[in-house]
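Chemist: One structure, as structure tokens, below. Some questions next.
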Amino acid sequence: MAPIKVTEINLAQRHQSRMTMISNSIKAIAFKKQQITQVFQKGDEVEVASQEYGFIGSYYTATILSTIGAYHYRVKYKTLLTDDESALLEDVVPAAEVRPAPPHQHETMSENGFLLYNMVDVFANDGWWFGFISGKIGEEYYVYFPTTADNIAYPPHVLRFHQEWSNGKWIFLSRQGGINF
């Protein structure tokens, strides 16, 4: 067996360090409440950030049905069903868990593929889950989810670059700075 080279150890340490740094950043974003920078109206398309244990770091598309007081909305989810699965789920959610629906990303944005460490959302289990690219095998990208510690492979068509709603505008957190495979 060939001895492990110092450069291989350094690369592994840098990779682990970068994974830890990005994981901490994602956890900080996922656990914070959204900035309340706008009032939504009936019919507005939004995403609701779950703050429920096991679902933190996930976003679900919904439509605003009504305002309830100053700090809550009644929403109707587009992908979540009632317990008996007979209808789309309606719920009252805090305004701090609601953000506008992000702008649609054109397929050309990911035409060249995602890069190692890009922050992405994955459409799975009826919502968008926030993680980062941790590897690639063949055409599938591995996405690590710091809030659940899962590392799962996905085809590129269920991925989008992660965007954060900040000070009334959308910000791409990492379309640059990734590393090619």
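All residue names refer to the structure tokens as shown: chains lettered A, B, ... in order, residues numbered from 1 in each chain, ligands numbered from 1 in order.
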Compile a residue-level contact table for range 58-171 of chain A against range 14-26 of chain A at a cut-off of 8 Å, reporting for every qualifying residue the shortest atom pair and its distance in Å to one decimal, with only C-alpha atoms counted, rows ordered by chain and ascending number, as a tab-separated table.

Modeler:
residue	atom	partner	partner_atom	distance
A:Tyr117	CA	A:Met19	CA	7.6
A:Phe130	CA	A:Ile26	CA	7.6
A:Gly131	CA	A:Ile26	CA	7.1
A:Phe132	CA	A:Ile22	CA	7.8
A:Ser134	CA	A:Met19	CA	7.8
A:Phe145	CA	A:Ser23	CA	7.8
A:Pro146	CA	A:Ser23	CA	5.2

Chemist: Considering only strand (DSSP E) as DSSP defines it on the backbone, what residues of chain A qualify? List them as a count of residues only.

Modeler: 75

Chemist: Near Ala70 in chain A, counting only C-alpha atoms, which residues have an atom at most 10 Å away, once you skip same-chain residues fewer than 4 positions from it, shown as a PyMOL selection string?

Modeler: chain A and resi 39+94-95

Chemist: Write the residues of the selection above to a file with N, CA, C and O atoms, as a PDB file, in the first residue's frame.

Modeler:
ATOM      1  N   VAL A  39     -45.427  43.618   2.956  1.00  0.00           N
ATOM      2  CA  VAL A  39     -46.715  43.068   3.358  1.00  0.00           C
ATOM      3  C   VAL A  39     -47.277  42.336   2.145  1.00  0.00           C
ATOM      4  O   VAL A  39     -47.302  42.872   1.038  1.00  0.00           O
ATOM      5  N   PRO A  94     -46.485  32.473  10.831  1.00  0.00           N
ATOM      6  CA  PRO A  94     -45.951  33.786  11.204  1.00  0.00           C
ATOM      7  C   PRO A  94     -45.360  34.506   9.989  1.00  0.00           C
ATOM      8  O   PRO A  94     -44.759  33.874   9.111  1.00  0.00           O
ATOM      9  N   ALA A  95     -45.513  35.809   9.948  1.00  0.00           N
ATOM     10  CA  ALA A  95     -44.974  36.606   8.842  1.00  0.00           C
ATOM     11  C   ALA A  95     -43.464  36.426   8.708  1.00  0.00           C
ATOM     12  O   ALA A  95     -42.920  36.481   7.600  1.00  0.00           O
TER      13      ALA A  95
END

Chemist: Pick out the residues sitting within 12 Å of range 63-67 of chain A, and hand them over as a ChimeraX atom specification; count only C-alpha atoms, and ignore anything fewer than 6 positions along from it in its own chain.

Modeler: /A:39-48,73-80,88-95,98-101

Chemist: Please dump the current selection as a compact mmCIF listing (two decimals), in the first residue's frame; keep N, CA, C and O atoms.

Modeler:
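File written: result_25.txt
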# COMPACT_ATOMS: atom_id res chain seq x y z
N VAL A 39 -45.43 43.62 2.96
CA VAL A 39 -46.71 43.07 3.36
C VAL A 39 -47.28 42.34 2.15
O VAL A 39 -47.30 42.87 1.04
N PHE A 40 -47.69 41.10 2.36
CA PHE A 40 -48.23 40.31 1.26
C PHE A 40 -49.75 40.48 1.19
O PHE A 40 -50.41 40.73 2.20
N GLN A 41 -50.26 40.34 0.00
CA GLN A 41 -51.69 40.49 -0.25
C GLN A 41 -52.28 39.15 -0.68
O GLN A 41 -51.57 38.25 -1.13
N LYS A 42 -53.59 39.04 -0.58
CA LYS A 42 -54.29 37.84 -1.03
C LYS A 42 -53.88 37.52 -2.47
O LYS A 42 -53.85 38.41 -3.32
N GLY A 43 -53.52 36.27 -2.71
CA GLY A 43 -53.13 35.82 -4.04
C GLY A 43 -51.64 35.85 -4.31
O GLY A 43 -51.18 35.30 -5.32
N ASP A 44 -50.86 36.49 -3.44
CA ASP A 44 -49.41 36.54 -3.65
C ASP A 44 -48.81 35.14 -3.52
O ASP A 44 -49.17 34.37 -2.64
N GLU A 45 -47.87 34.84 -4.41
CA GLU A 45 -47.13 33.58 -4.37
C GLU A 45 -45.94 33.76 -3.44
O GLU A 45 -45.18 34.73 -3.58
N VAL A 46 -45.78 32.85 -2.49
CA VAL A 46 -44.72 32.96 -1.48
C VAL A 46 -44.07 31.61 -1.24
O VAL A 46 -44.53 30.58 -1.74
N GLU A 47 -43.00 31.63 -0.45
CA GLU A 47 -42.43 30.42 0.10
C GLU A 47 -42.46 30.57 1.62
O GLU A 47 -42.18 31.64 2.15
N VAL A 48 -42.80 29.47 2.28
CA VAL A 48 -42.86 29.45 3.73
C VAL A 48 -41.69 28.60 4.23
O VAL A 48 -41.54 27.45 3.83
N TYR A 73 -50.20 35.12 8.47
CA TYR A 73 -50.93 34.94 7.21
C TYR A 73 -51.59 33.57 7.21
O TYR A 73 -51.05 32.61 7.77
N ARG A 74 -52.72 33.49 6.54
CA ARG A 74 -53.32 32.20 6.22
C ARG A 74 -52.84 31.90 4.81
O ARG A 74 -52.98 32.72 3.90
N VAL A 75 -52.21 30.71 4.65
CA VAL A 75 -51.68 30.32 3.35
C VAL A 75 -52.28 28.99 2.92
O VAL A 75 -52.75 28.20 3.75
N LYS A 76 -52.24 28.77 1.62
CA LYS A 76 -52.62 27.47 1.04
C LYS A 76 -51.39 26.97 0.30
O LYS A 76 -50.90 27.60 -0.63
N TYR A 77 -50.88 25.83 0.79
CA TYR A 77 -49.68 25.25 0.18
C TYR A 77 -50.01 24.65 -1.18
O TYR A 77 -51.11 24.17 -1.42
N LYS A 78 -49.02 24.65 -2.06
CA LYS A 78 -49.21 24.09 -3.40
C LYS A 78 -48.83 22.63 -3.48
O LYS A 78 -49.23 21.94 -4.42
N THR A 79 -48.05 22.13 -2.51
CA THR A 79 -47.58 20.74 -2.57
C THR A 79 -47.88 19.94 -1.32
O THR A 79 -47.75 18.72 -1.34
N LEU A 80 -48.23 20.60 -0.23
CA LEU A 80 -48.52 19.88 1.01
C LEU A 80 -50.00 19.59 1.12
O LEU A 80 -50.84 20.45 0.83
N LEU A 88 -55.37 20.35 -0.56
CA LEU A 88 -54.15 21.07 -0.25
C LEU A 88 -54.25 21.66 1.15
O LEU A 88 -55.32 22.13 1.57
N LEU A 89 -53.15 21.62 1.88
CA LEU A 89 -53.12 22.08 3.26
C LEU A 89 -53.22 23.61 3.34
O LEU A 89 -52.55 24.31 2.58
N GLU A 90 -54.05 24.10 4.25
CA GLU A 90 -54.12 25.51 4.60
C GLU A 90 -53.62 25.63 6.03
O GLU A 90 -53.88 24.76 6.86
N ASP A 91 -52.90 26.73 6.31
CA ASP A 91 -52.32 26.89 7.64
C ASP A 91 -52.13 28.38 7.92
O ASP A 91 -52.07 29.20 7.01
N VAL A 92 -52.02 28.70 9.21
CA VAL A 92 -51.67 30.05 9.64
C VAL A 92 -50.20 30.03 10.00
O VAL A 92 -49.76 29.19 10.78
N VAL A 93 -49.43 30.95 9.39
CA VAL A 93 -47.99 30.98 9.61
C VAL A 93 -47.55 32.38 10.02
O VAL A 93 -48.15 33.38 9.60
N PRO A 94 -46.49 32.47 10.83
CA PRO A 94 -45.95 33.79 11.20
C PRO A 94 -45.36 34.51 9.99
O PRO A 94 -44.76 33.87 9.11
N ALA A 95 -45.51 35.81 9.95
CA ALA A 95 -44.97 36.61 8.84
C ALA A 95 -43.46 36.43 8.71
O ALA A 95 -42.92 36.48 7.60
N VAL A 98 -42.32 33.84 6.13
CA VAL A 98 -42.81 34.00 4.76
C VAL A 98 -41.87 34.92 3.98
O VAL A 98 -41.44 35.95 4.47
N ARG A 99 -41.57 34.49 2.76
CA ARG A 99 -40.78 35.32 1.86
C ARG A 99 -41.43 35.25 0.49
O ARG A 99 -42.19 34.31 0.20
N PRO A 100 -41.15 36.21 -0.39
CA PRO A 100 -41.71 36.12 -1.74
C PRO A 100 -41.18 34.87 -2.44
O PRO A 100 -40.13 34.35 -2.07
N ALA A 101 -41.89 34.41 -3.43
CA ALA A 101 -41.38 33.30 -4.25
C ALA A 101 -40.16 33.82 -4.99
O ALA A 101 -40.19 34.90 -5.57

Chemist: Can you tell me how far CA of Leu11 in chain A sits from CA of Asp150 in chain A, in Å to one decimal?

Modeler: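 Those two atoms sit 22.3 Å apart.
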
Chemist: How many Å separate CA of Gly54 in chain A from CA of Thr147 in chain A?

Modeler: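 Going from CA of Gly54 in chain A over to CA of Thr147 in chain A, I get 7.7 Å.
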
Chemist: Skipping near chain neighbours, those fewer than 6 positions away, what residues fall within 6 Å of Trp128 in chain A using only C-alpha atoms, listed as a compact mmCIF listing (two decimals) with all heavy atoms, in the first residue's frame?

Modeler:
# COMPACT_ATOMS: atom_id res chain seq x y z
N SER A 58 -36.09 23.96 5.02
CA SER A 58 -36.96 23.65 3.88
C SER A 58 -37.94 24.80 3.65
O SER A 58 -38.30 25.52 4.58
CB SER A 58 -37.73 22.35 4.12
OG SER A 58 -38.59 22.46 5.23
N TYR A 59 -38.33 24.96 2.38
CA TYR A 59 -39.24 26.02 1.97
C TYR A 59 -40.36 25.39 1.14
O TYR A 59 -40.10 24.55 0.29
CB TYR A 59 -38.51 27.04 1.09
CG TYR A 59 -37.33 27.70 1.78
CD1 TYR A 59 -36.08 27.10 1.77
CD2 TYR A 59 -37.47 28.91 2.44
CE1 TYR A 59 -34.99 27.68 2.40
CE2 TYR A 59 -36.39 29.50 3.08
CZ TYR A 59 -35.16 28.89 3.05
OH TYR A 59 -34.08 29.47 3.67
N ASP A 121 -30.74 24.60 -3.49
CA ASP A 121 -31.98 24.05 -2.97
C ASP A 121 -32.30 22.84 -3.82
O ASP A 121 -32.08 22.84 -5.03
CB ASP A 121 -33.14 25.05 -3.08
CG ASP A 121 -32.92 26.31 -2.29
OD1 ASP A 121 -32.35 26.24 -1.18
OD2 ASP A 121 -33.34 27.39 -2.76
N VAL A 122 -32.84 21.80 -3.18
CA VAL A 122 -33.23 20.58 -3.87
C VAL A 122 -34.74 20.42 -3.70
O VAL A 122 -35.25 20.50 -2.57
CB VAL A 122 -32.53 19.35 -3.25
CG1 VAL A 122 -33.02 18.07 -3.92
CG2 VAL A 122 -31.03 19.46 -3.35

Chemist: Enter the distance from CA of Trp165 in chain A to CA of Ile56 in chain A, in Å, rounded to one decimal.

Modeler: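 Atom-to-atom, CA of Trp165 in chain A to CA of Ile56 in chain A, that is 16.5 Å.
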
Chemist: Identify, on the basis of only C-alpha atoms, every residue whose closest approach to Tyr53 in chain A does not exceed 12 Å; exclude the query and any residue fewer than 6 positions from it along the same chain; express the result as an NGL selection string.

Modeler: :A and (30-31 or 147-148)

Chemist: For Ile137 in chain A, which residue out of A:Leu116, A:Glu52, A:Asn125, A:Ile68 is the nearest one, using only C-alpha atoms?

Modeler: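 Under the stated criterion, the closest residue is A:Leu116.
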
Chemist: As a VMD selection string, please: every residue in range 8-92 of chain A that a backbone DSSP assignment puts in alpha helix (DSSP H).

Modeler: chain A and resid 8 to 31

Chemist: Limited to N, CA, C and O atoms, could you put the picked residues into a file as a JSON list (two decimals), in the first residue's frame?

Modeler:
[["chain", "number", "residue", "atom", "x", "y", "z"],
["A", 8, "GLU", "N", -2.34, 15.09, 0.11],
["A", 8, "GLU", "CA", -3.66, 14.47, 0.21],
["A", 8, "GLU", "C", -4.29, 14.76, 1.57],
["A", 8, "GLU", "O", -5.48, 15.02, 1.67],
["A", 9, "ILE", "N", -3.49, 14.74, 2.63],
["A", 9, "ILE", "CA", -3.99, 15.06, 3.96],
["A", 9, "ILE", "C", -4.42, 16.52, 4.02],
["A", 9, "ILE", "O", -5.49, 16.84, 4.53],
["A", 10, "ASN", "N", -3.60, 17.41, 3.44],
["A", 10, "ASN", "CA", -3.95, 18.83, 3.42],
["A", 10, "ASN", "C", -5.24, 19.08, 2.65],
["A", 10, "ASN", "O", -6.07, 19.88, 3.07],
["A", 11, "LEU", "N", -5.41, 18.40, 1.52],
["A", 11, "LEU", "CA", -6.64, 18.55, 0.74],
["A", 11, "LEU", "C", -7.84, 18.07, 1.54],
["A", 11, "LEU", "O", -8.89, 18.72, 1.55],
["A", 12, "ALA", "N", -7.71, 16.94, 2.22],
["A", 12, "ALA", "CA", -8.81, 16.41, 3.03],
["A", 12, "ALA", "C", -9.14, 17.36, 4.17],
["A", 12, "ALA", "O", -10.31, 17.60, 4.48],
["A", 13, "GLN", "N", -8.11, 17.92, 4.80],
["A", 13, "GLN", "CA", -8.35, 18.88, 5.89],
["A", 13, "GLN", "C", -9.02, 20.15, 5.38],
["A", 13, "GLN", "O", -9.93, 20.67, 6.02],
["A", 14, "ARG", "N", -8.59, 20.64, 4.23],
["A", 14, "ARG", "CA", -9.21, 21.84, 3.65],
["A", 14, "ARG", "C", -10.65, 21.57, 3.27],
["A", 14, "ARG", "O", -11.53, 22.40, 3.48],
["A", 15, "HIS", "N", -10.90, 20.38, 2.70],
["A", 15, "HIS", "CA", -12.27, 20.00, 2.32],
["A", 15, "HIS", "C", -13.16, 19.96, 3.57],
["A", 15, "HIS", "O", -14.25, 20.52, 3.58],
["A", 16, "GLN", "N", -12.69, 19.30, 4.63],
["A", 16, "GLN", "CA", -13.48, 19.21, 5.86],
["A", 16, "GLN", "C", -13.70, 20.59, 6.47],
["A", 16, "GLN", "O", -14.79, 20.90, 6.94],
["A", 17, "SER", "N", -12.69, 21.43, 6.44],
["A", 17, "SER", "CA", -12.80, 22.78, 6.96],
["A", 17, "SER", "C", -13.84, 23.59, 6.18],
["A", 17, "SER", "O", -14.67, 24.29, 6.76],
["A", 18, "ARG", "N", -13.80, 23.47, 4.85],
["A", 18, "ARG", "CA", -14.78, 24.20, 4.01],
["A", 18, "ARG", "C", -16.19, 23.67, 4.24],
["A", 18, "ARG", "O", -17.13, 24.43, 4.32],
["A", 19, "MET", "N", -16.33, 22.35, 4.37],
["A", 19, "MET", "CA", -17.65, 21.75, 4.64],
["A", 19, "MET", "C", -18.20, 22.27, 5.96],
["A", 19, "MET", "O", -19.37, 22.62, 6.07],
["A", 20, "THR", "N", -17.37, 22.35, 6.98],
["A", 20, "THR", "CA", -17.80, 22.84, 8.29],
["A", 20, "THR", "C", -18.20, 24.30, 8.22],
["A", 20, "THR", "O", -19.23, 24.70, 8.76],
["A", 21, "MET", "N", -17.40, 25.12, 7.53],
["A", 21, "MET", "CA", -17.70, 26.54, 7.40],
["A", 21, "MET", "C", -19.03, 26.76, 6.69],
["A", 21, "MET", "O", -19.87, 27.53, 7.14],
["A", 22, "ILE", "N", -19.25, 26.07, 5.57],
["A", 22, "ILE", "CA", -20.50, 26.24, 4.82],
["A", 22, "ILE", "C", -21.67, 25.69, 5.63],
["A", 22, "ILE", "O", -22.74, 26.30, 5.66],
["A", 23, "SER", "N", -21.48, 24.58, 6.31],
["A", 23, "SER", "CA", -22.55, 24.01, 7.15],
["A", 23, "SER", "C", -22.98, 25.00, 8.22],
["A", 23, "SER", "O", -24.18, 25.20, 8.45],
["A", 24, "ASN", "N", -22.02, 25.63, 8.88],
["A", 24, "ASN", "CA", -22.34, 26.61, 9.91],
["A", 24, "ASN", "C", -23.09, 27.81, 9.34],
["A", 24, "ASN", "O", -24.03, 28.33, 9.94],
["A", 25, "SER", "N", -22.69, 28.24, 8.16],
["A", 25, "SER", "CA", -23.36, 29.35, 7.49],
["A", 25, "SER", "C", -24.81, 28.99, 7.14],
["A", 25, "SER", "O", -25.73, 29.77, 7.37],
["A", 26, "ILE", "N", -25.01, 27.80, 6.60],
["A", 26, "ILE", "CA", -26.35, 27.36, 6.23],
["A", 26, "ILE", "C", -27.23, 27.22, 7.48],
["A", 26, "ILE", "O", -28.39, 27.64, 7.48],
["A", 27, "LYS", "N", -26.69, 26.66, 8.55],
["A", 27, "LYS", "CA", -27.47, 26.54, 9.78],
["A", 27, "LYS", "C", -27.90, 27.91, 10.30],
["A", 27, "LYS", "O", -29.04, 28.10, 10.72],
["A", 28, "ALA", "N", -26.99, 28.87, 10.26],
["A", 28, "ALA", "CA", -27.32, 30.22, 10.73],
["A", 28, "ALA", "C", -28.45, 30.82, 9.89],
["A", 28, "ALA", "O", -29.37, 31.45, 10.43],
["A", 29, "ILE", "N", -28.40, 30.62, 8.59],
["A", 29, "ILE", "CA", -29.45, 31.14, 7.70],
["A", 29, "ILE", "C", -30.76, 30.40, 7.94],
["A", 29, "ILE", "O", -31.83, 31.00, 8.06],
["A", 30, "ALA", "N", -30.72, 29.08, 8.02],
["A", 30, "ALA", "CA", -31.93, 28.26, 8.14],
["A", 30, "ALA", "C", -32.66, 28.51, 9.46],
["A", 30, "ALA", "O", -33.89, 28.45, 9.51],
["A", 31, "PHE", "N", -31.94, 28.79, 10.53],
["A", 31, "PHE", "CA", -32.56, 28.96, 11.84],
["A", 31, "PHE", "C", -33.05, 30.39, 12.08],
["A", 31, "PHE", "O", -33.77, 30.63, 13.04]]
